[in-house]
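K.L.:
What follows is a structure written as structure tokens; I'll ask about it next.
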2 protein chains.
Amino acid sequence: MSRRPATGNGSQGIPEATIARLPVYLRVLYTCAEQGIATVSSEELAAAAGVNSAKLRKDLSHLGSYGTRGVGYDVDYLVYQVSRELGLTQDWPIVIVGAGNLGRALTNYGGFASRGFRVAAVLDADPAVIGSEIAGHTVESADRIEQVVAQHQVSIGVIATPAGTAQGVCDRLVAAGVTSILNFAPVVLTVPLGVDVRKVDLSIELQILAFHAQRRSIVRVAPDGKRSYQGASLNAAAGESAVAAP
Amino acid sequence: MSRRPATGNGSQGIPEATIARLPVYLRVLYTCAEQGIATVSSEELAAAAGVNSAKLRKDLSHLGSYGTRGVGYDVDYLVYQVSRELGLTQDWPIVIVGAGNLGRALTNYGGFASRGFRVAAVLDADPAVIGSEIAGHTVESADRIEQVVAQHQVSIGVIATPAGTAQGVCDRLVAAGVTSILNFAPVVLTVPLGVDVRKVDLSIELQILAFHAQRRSIVRVAPDGKRSYQGASLNAAAGESAVAAP
DNA sequence: CTCACTTTGTGCAAACGTTCACAAGAGCGT
DNA sequence: ACGCTCTTGTGAACGTTTGCACAAAGTGAG
């Protein structure tokens, strides 16, 4: 790190925390564009995204100086720049493995197509499911992982299988050339260096909520048997949330 | 340690980052228990959870000193302590609003029940869906949010509606007394202080993957039109992943 | 042109999170 | 009882992220 030869690239080291927020900004920007808003200030954008305005400005400054002082950011231009930085100006064929409830929901989910993600194939191991139709896709056999990945140049795989088969599917995806994996199975996947795994775990999210919920309603049972509730004014910002009242 | 006033509480301030990892440890611990493993070292646990062992020890130390030097952690005991800390020793009735593809997948998802989460009701606004059966639950009208929340003492709500109706549903849930919300709709929810919102956004996860995937395969088009691929040995650890080869 | 006003981009310090490295304990064989 | 080995719990160093506060830069009126 630190050494930067000569190629004044610019987008060399964007913090991970910033990357995770760019898609949120992007969504808000799209909303603005739909409403015909041409320019937007960091304050407005930040409010809509639920973050601090200084943080938003610093995040955007990592992509370059795309704002105009005294005015704000041009919505369309910023949409383009953020999209480009995230690599959304190109097409990303994805393969969904597992056509159970979750796999079907994912295949039907419209949010993918609108951002350059295209479902190349939906696979499953169950013969009873293979051949059925989901959102215009015919479920193929999981045996065809290698062919599908090669044929459609897939570099992103989505695992929506039961926990038991997830690692095996993952191994085959990686061996076939997939370098990015979105894992919905409740297991910790082991992958070779150079492969990127992101996990979405519904149960874990609920458990984190449960922790805070429990915290909010700690009931102190005093020696005399009286109960007193501890106030509910804990920090609501666990990554999200904002205040409604002015 | 350092100064601790007088109220030797113990579970005063557990870092958010630690909370987010506890459910992962818990899952690994359950796996150990199933395999009949009685004690486990921080090294083994950390490897299975995909984290650094020092981090794991520090995380667990926030709950108390439940390990034995020279031996490790007693699996059953640790399961209990982590569960208690997360508030999983009690029952959490949840309500799922939105019985579309995602709502159905969530209702069917078995991972909830196994951790003390119980689906109290599934609601939807579409008359065509109301009355249908999902995993033993009859879908009820979304008009009944207030009654359902009050009747089942629901404090956790899951929003699986389209983006447009999410904020409205959220407001009604909050007004009815729900203080924790798991949001699957692609919008930033605005809630009063004291309400905890967690967001799961499938599209955002894919966009983050796309960014890294793009990074890995930067194609430099030289002036002569030749292409050269930049190696794929970027840091694979974006929160997950481990190395397979020794 | 100048002044008043707006809003970006960023230096800096504090807060937070991660990792190293090691002292303090605990078990075990002799 | 002693020494050896193993493993926890944690002080301290380091890296990352956040948020303040303000200079720099733009706009528009007079």
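Quick note on naming: the chains in the structure tokens go A, B, ... in the order shown, residues restart at 1 in each chain, and ligands are numbered from 1 in order of appearance.
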Can you pull out every residue within 12 Å of D:DA12, counting only C-alpha atoms (C1' of nucleotides), but drop anything in the same chain fewer than 2 positions away, and send it as JSON, numbers by chain?

P.N.:
{"C": [19, 20, 21, 22], "D": [10, 14]}

K.L.:
Residual C-alpha RMSD for chain A onto chain B, least squares, all atoms in order?

P.N.:
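C-alpha RMSD after least-squares superposition: 1.5 Å.
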
K.L.:
Give me the residues near stretch 22-38 of chain A as a PyMOL selection string, where near means some atom within 10 Å (using only C-alpha atoms (C1' of nucleotides)) and where sequence neighbours in that chain fewer than 4 positions away do not count.

P.N.:
(chain A and resi 17-18+45-51+56+59-60+72-83+85-86) or (chain B and resi 186-188+201+203-208)

K.L.:
Tell me as JSON, numbers by chain which residues belonging to chain D come within 10 Å of chain A, counting only C-alpha atoms (C1' of nucleotides).

P.N.:
{"D": [16, 17, 18, 19, 20, 24, 25, 26, 27]}

K.L.:
Please dump the current selection as a PDB file, in the first residue's frame; keep C-alpha atoms (C1' of nucleotides).

P.N.:
ATOM      1  C1'  DT D  16     -10.465   2.451   9.949  1.00  0.00           C
ATOM      2  C1'  DT D  17     -14.552   5.296  10.299  1.00  0.00           C
ATOM      3  C1'  DT D  18     -17.003   9.184  11.847  1.00  0.00           C
ATOM      4  C1'  DG D  19     -18.134  14.018  12.527  1.00  0.00           C
ATOM      5  C1'  DC D  20     -16.776  18.743  13.325  1.00  0.00           C
ATOM      6  C1'  DA D  24     -12.206  27.395  -0.942  1.00  0.00           C
ATOM      7  C1'  DA D  25     -15.267  28.068  -4.610  1.00  0.00           C
ATOM      8  C1'  DG D  26     -19.357  29.060  -6.782  1.00  0.00           C
ATOM      9  C1'  DT D  27     -23.939  32.088  -7.407  1.00  0.00           C
TER      10       DT D  27
END

K.L.:
Within 10 Å of chain B, which residues of chain C are there when counting only C-alpha atoms (C1' of nucleotides)? Please give them as a ChimeraX atom specification.

P.N.:
/C:16-20,24-27

K.L.:
Env of B:Thr138: 12 Å cut, atoms = only C-alpha atoms (C1' of nucleotides), seq-sep filter 2 positions within chain, self excluded. Answer as a ChimeraX atom specification.

P.N.:
/B:96,99,104,107,119-124,129-136,140-141

K.L.:
With N, CA and C atoms retained, export the selected residues as an mmCIF file, in the first residue's frame.

P.N.:
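The result, written out as again.cif:
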data_model
loop_
_atom_site.group_PDB
_atom_site.id
_atom_site.type_symbol
_atom_site.label_atom_id
_atom_site.label_comp_id
_atom_site.auth_asym_id
_atom_site.auth_seq_id
_atom_site.Cartn_x
_atom_site.Cartn_y
_atom_site.Cartn_z
ATOM 1 N N ILE B 96 -45.208 -10.987 9.857
ATOM 2 C CA ILE B 96 -44.671 -10.775 8.518
ATOM 3 C C ILE B 96 -45.720 -10.057 7.677
ATOM 4 N N ALA B 99 -47.179 -10.980 1.670
ATOM 5 C CA ALA B 99 -47.139 -12.422 1.396
ATOM 6 C C ALA B 99 -46.826 -12.683 -0.071
ATOM 7 N N ARG B 104 -43.576 -15.249 1.432
ATOM 8 C CA ARG B 104 -43.804 -16.695 1.506
ATOM 9 C C ARG B 104 -42.527 -17.432 1.864
ATOM 10 N N THR B 107 -41.864 -16.969 5.520
ATOM 11 C CA THR B 107 -42.781 -17.734 6.362
ATOM 12 C C THR B 107 -42.388 -19.204 6.391
ATOM 13 N N VAL B 119 -43.641 -17.178 14.071
ATOM 14 C CA VAL B 119 -44.480 -16.350 13.199
ATOM 15 C C VAL B 119 -45.887 -16.304 13.782
ATOM 16 N N ALA B 120 -46.265 -15.124 14.263
ATOM 17 C CA ALA B 120 -47.588 -14.969 14.876
ATOM 18 C C ALA B 120 -48.654 -14.795 13.803
ATOM 19 N N ALA B 121 -48.289 -14.109 12.734
ATOM 20 C CA ALA B 121 -49.268 -13.891 11.668
ATOM 21 C C ALA B 121 -48.581 -13.442 10.389
ATOM 22 N N VAL B 122 -49.242 -13.730 9.282
ATOM 23 C CA VAL B 122 -48.773 -13.262 7.981
ATOM 24 C C VAL B 122 -49.884 -12.405 7.394
ATOM 25 N N LEU B 123 -49.536 -11.178 7.019
ATOM 26 C CA LEU B 123 -50.551 -10.246 6.527
ATOM 27 C C LEU B 123 -50.260 -9.823 5.092
ATOM 28 N N ASP B 124 -51.313 -9.432 4.398
ATOM 29 C CA ASP B 124 -51.125 -8.900 3.050
ATOM 30 C C ASP B 124 -52.325 -8.014 2.713
ATOM 31 N N VAL B 129 -54.826 -12.743 -2.138
ATOM 32 C CA VAL B 129 -53.894 -13.549 -1.351
ATOM 33 C C VAL B 129 -54.457 -13.852 0.039
ATOM 34 N N ILE B 130 -55.232 -12.898 0.550
ATOM 35 C CA ILE B 130 -55.799 -13.075 1.884
ATOM 36 C C ILE B 130 -56.640 -14.355 1.924
ATOM 37 N N GLY B 131 -56.408 -15.144 2.932
ATOM 38 C CA GLY B 131 -57.153 -16.385 3.075
ATOM 39 C C GLY B 131 -56.366 -17.601 2.641
ATOM 40 N N SER B 132 -55.333 -17.397 1.832
ATOM 41 C CA SER B 132 -54.517 -18.536 1.405
ATOM 42 C C SER B 132 -53.650 -19.018 2.556
ATOM 43 N N GLU B 133 -53.169 -20.241 2.405
ATOM 44 C CA GLU B 133 -52.378 -20.859 3.476
ATOM 45 C C GLU B 133 -50.890 -20.857 3.139
ATOM 46 N N ILE B 134 -50.053 -20.484 4.095
ATOM 47 C CA ILE B 134 -48.603 -20.556 3.929
ATOM 48 C C ILE B 134 -48.005 -21.183 5.178
ATOM 49 N N ALA B 135 -47.447 -22.345 5.011
ATOM 50 C CA ALA B 135 -46.784 -23.021 6.128
ATOM 51 C C ALA B 135 -47.664 -23.053 7.382
ATOM 52 N N GLY B 136 -48.927 -23.334 7.180
ATOM 53 C CA GLY B 136 -49.813 -23.466 8.321
ATOM 54 C C GLY B 136 -50.427 -22.171 8.805
ATOM 55 N N GLU B 140 -53.799 -13.096 6.614
ATOM 56 C CA GLU B 140 -54.867 -12.205 7.054
ATOM 57 C C GLU B 140 -54.750 -10.848 6.384
ATOM 58 N N SER B 141 -55.784 -10.067 6.510
ATOM 59 C CA SER B 141 -55.780 -8.736 5.904
ATOM 60 C C SER B 141 -54.803 -7.810 6.628
#

K.L.:
Need to verify the contact set: D:DC22, 12 Å, only C-alpha atoms (C1' of nucleotides), exclusion of same-chain residues closer than 2 positions in sequence. Can you return it as a PyMOL selection string?

P.N.:
(chain C and resi 8-12) or (chain D and resi 20+24)

K.L.:
Quick one: pick out all strand (DSSP E or B) residues within stretch 125-212 of chain B from a backbone DSSP run and write them as a PyMOL selection string.

P.N.:
chain B and resi 133-134+137-138+140-141+156-159+180-183+196-199

K.L.:
Those residues with N, CA and C atoms, as a CSV table (one decimal), in the first residue's frame please?

P.N.:
chain,number,residue,atom,x,y,z
B,133,GLU,N,-53.2,-20.2,2.4
B,133,GLU,CA,-52.4,-20.9,3.5
B,133,GLU,C,-50.9,-20.9,3.1
B,134,ILE,N,-50.1,-20.5,4.1
B,134,ILE,CA,-48.6,-20.6,3.9
B,134,ILE,C,-48.0,-21.2,5.2
B,137,HIS,N,-50.1,-21.1,8.2
B,137,HIS,CA,-50.6,-19.8,8.5
B,137,HIS,C,-51.6,-19.3,7.5
B,138,THR,N,-52.8,-18.8,7.9
B,138,THR,CA,-53.7,-18.3,7.0
B,138,THR,C,-53.4,-16.8,6.8
B,140,GLU,N,-53.8,-13.1,6.6
B,140,GLU,CA,-54.9,-12.2,7.1
B,140,GLU,C,-54.7,-10.8,6.4
B,141,SER,N,-55.8,-10.1,6.5
B,141,SER,CA,-55.8,-8.7,5.9
B,141,SER,C,-54.8,-7.8,6.6
B,156,ILE,N,-41.5,-7.5,17.1
B,156,ILE,CA,-40.7,-7.5,15.9
B,156,ILE,C,-41.6,-7.7,14.7
B,157,GLY,N,-41.4,-6.7,13.7
B,157,GLY,CA,-42.2,-6.8,12.5
B,157,GLY,C,-41.2,-7.0,11.3
B,158,VAL,N,-41.7,-7.8,10.4
B,158,VAL,CA,-40.9,-8.0,9.2
B,158,VAL,C,-41.7,-7.4,8.0
B,159,ILE,N,-41.0,-6.5,7.3
B,159,ILE,CA,-41.7,-5.9,6.1
B,159,ILE,C,-41.2,-6.5,4.8
B,180,SER,N,-39.1,-3.1,16.8
B,180,SER,CA,-38.0,-3.7,16.0
B,180,SER,C,-38.5,-4.0,14.6
B,181,ILE,N,-37.8,-3.6,13.6
B,181,ILE,CA,-38.3,-3.9,12.2
B,181,ILE,C,-37.2,-4.4,11.4
B,182,LEU,N,-37.5,-5.5,10.7
B,182,LEU,CA,-36.6,-6.0,9.7
B,182,LEU,C,-37.2,-5.7,8.3
B,183,ASN,N,-36.5,-4.9,7.6
B,183,ASN,CA,-37.1,-4.3,6.3
B,183,ASN,C,-36.4,-4.9,5.1
B,196,ASP,N,-35.9,0.3,16.3
B,196,ASP,CA,-34.7,-0.3,15.7
B,196,ASP,C,-35.0,-0.8,14.3
B,197,VAL,N,-34.3,-0.4,13.3
B,197,VAL,CA,-34.6,-0.9,11.9
B,197,VAL,C,-33.4,-1.6,11.4
B,198,ARG,N,-33.5,-2.8,10.9
B,198,ARG,CA,-32.4,-3.4,10.1
B,198,ARG,C,-32.9,-3.6,8.7
B,199,LYS,N,-32.0,-3.4,7.8
B,199,LYS,CA,-32.4,-3.6,6.4
B,199,LYS,C,-31.7,-4.7,5.7

K.L.:
Determine which residues of stretch 65-240 of chain A receive a DSSP assignment of helix (DSSP H, G or I), computed from the backbone, and state them as a ChimeraX atom specification.

P.N.:
/A:75-86,101-108,113-115,142-152,163-176,202-216

K.L.:
Can you list, as a PyMOL selection string, every protein, DNA or RNA residue that comes within 12 Å of D:DA29 when you count only C-alpha atoms (C1' of nucleotides), leaving out same-chain residues fewer than 4 positions away?

P.N.:
chain C and resi 2-5

K.L.:
Write out as a list in words which residues come within 12 Å of D:DC2 when counting only C-alpha atoms (C1' of nucleotides), dropping same-chain ones fewer than 4 positions away.

P.N.:
DC28, DG29 and DT30 of chain C

K.L.:
Closest to chain A among B:Ala105, B:Ala128, B:Val178, B:Ala150, using only C-alpha atoms?

P.N.:
B:Ala105
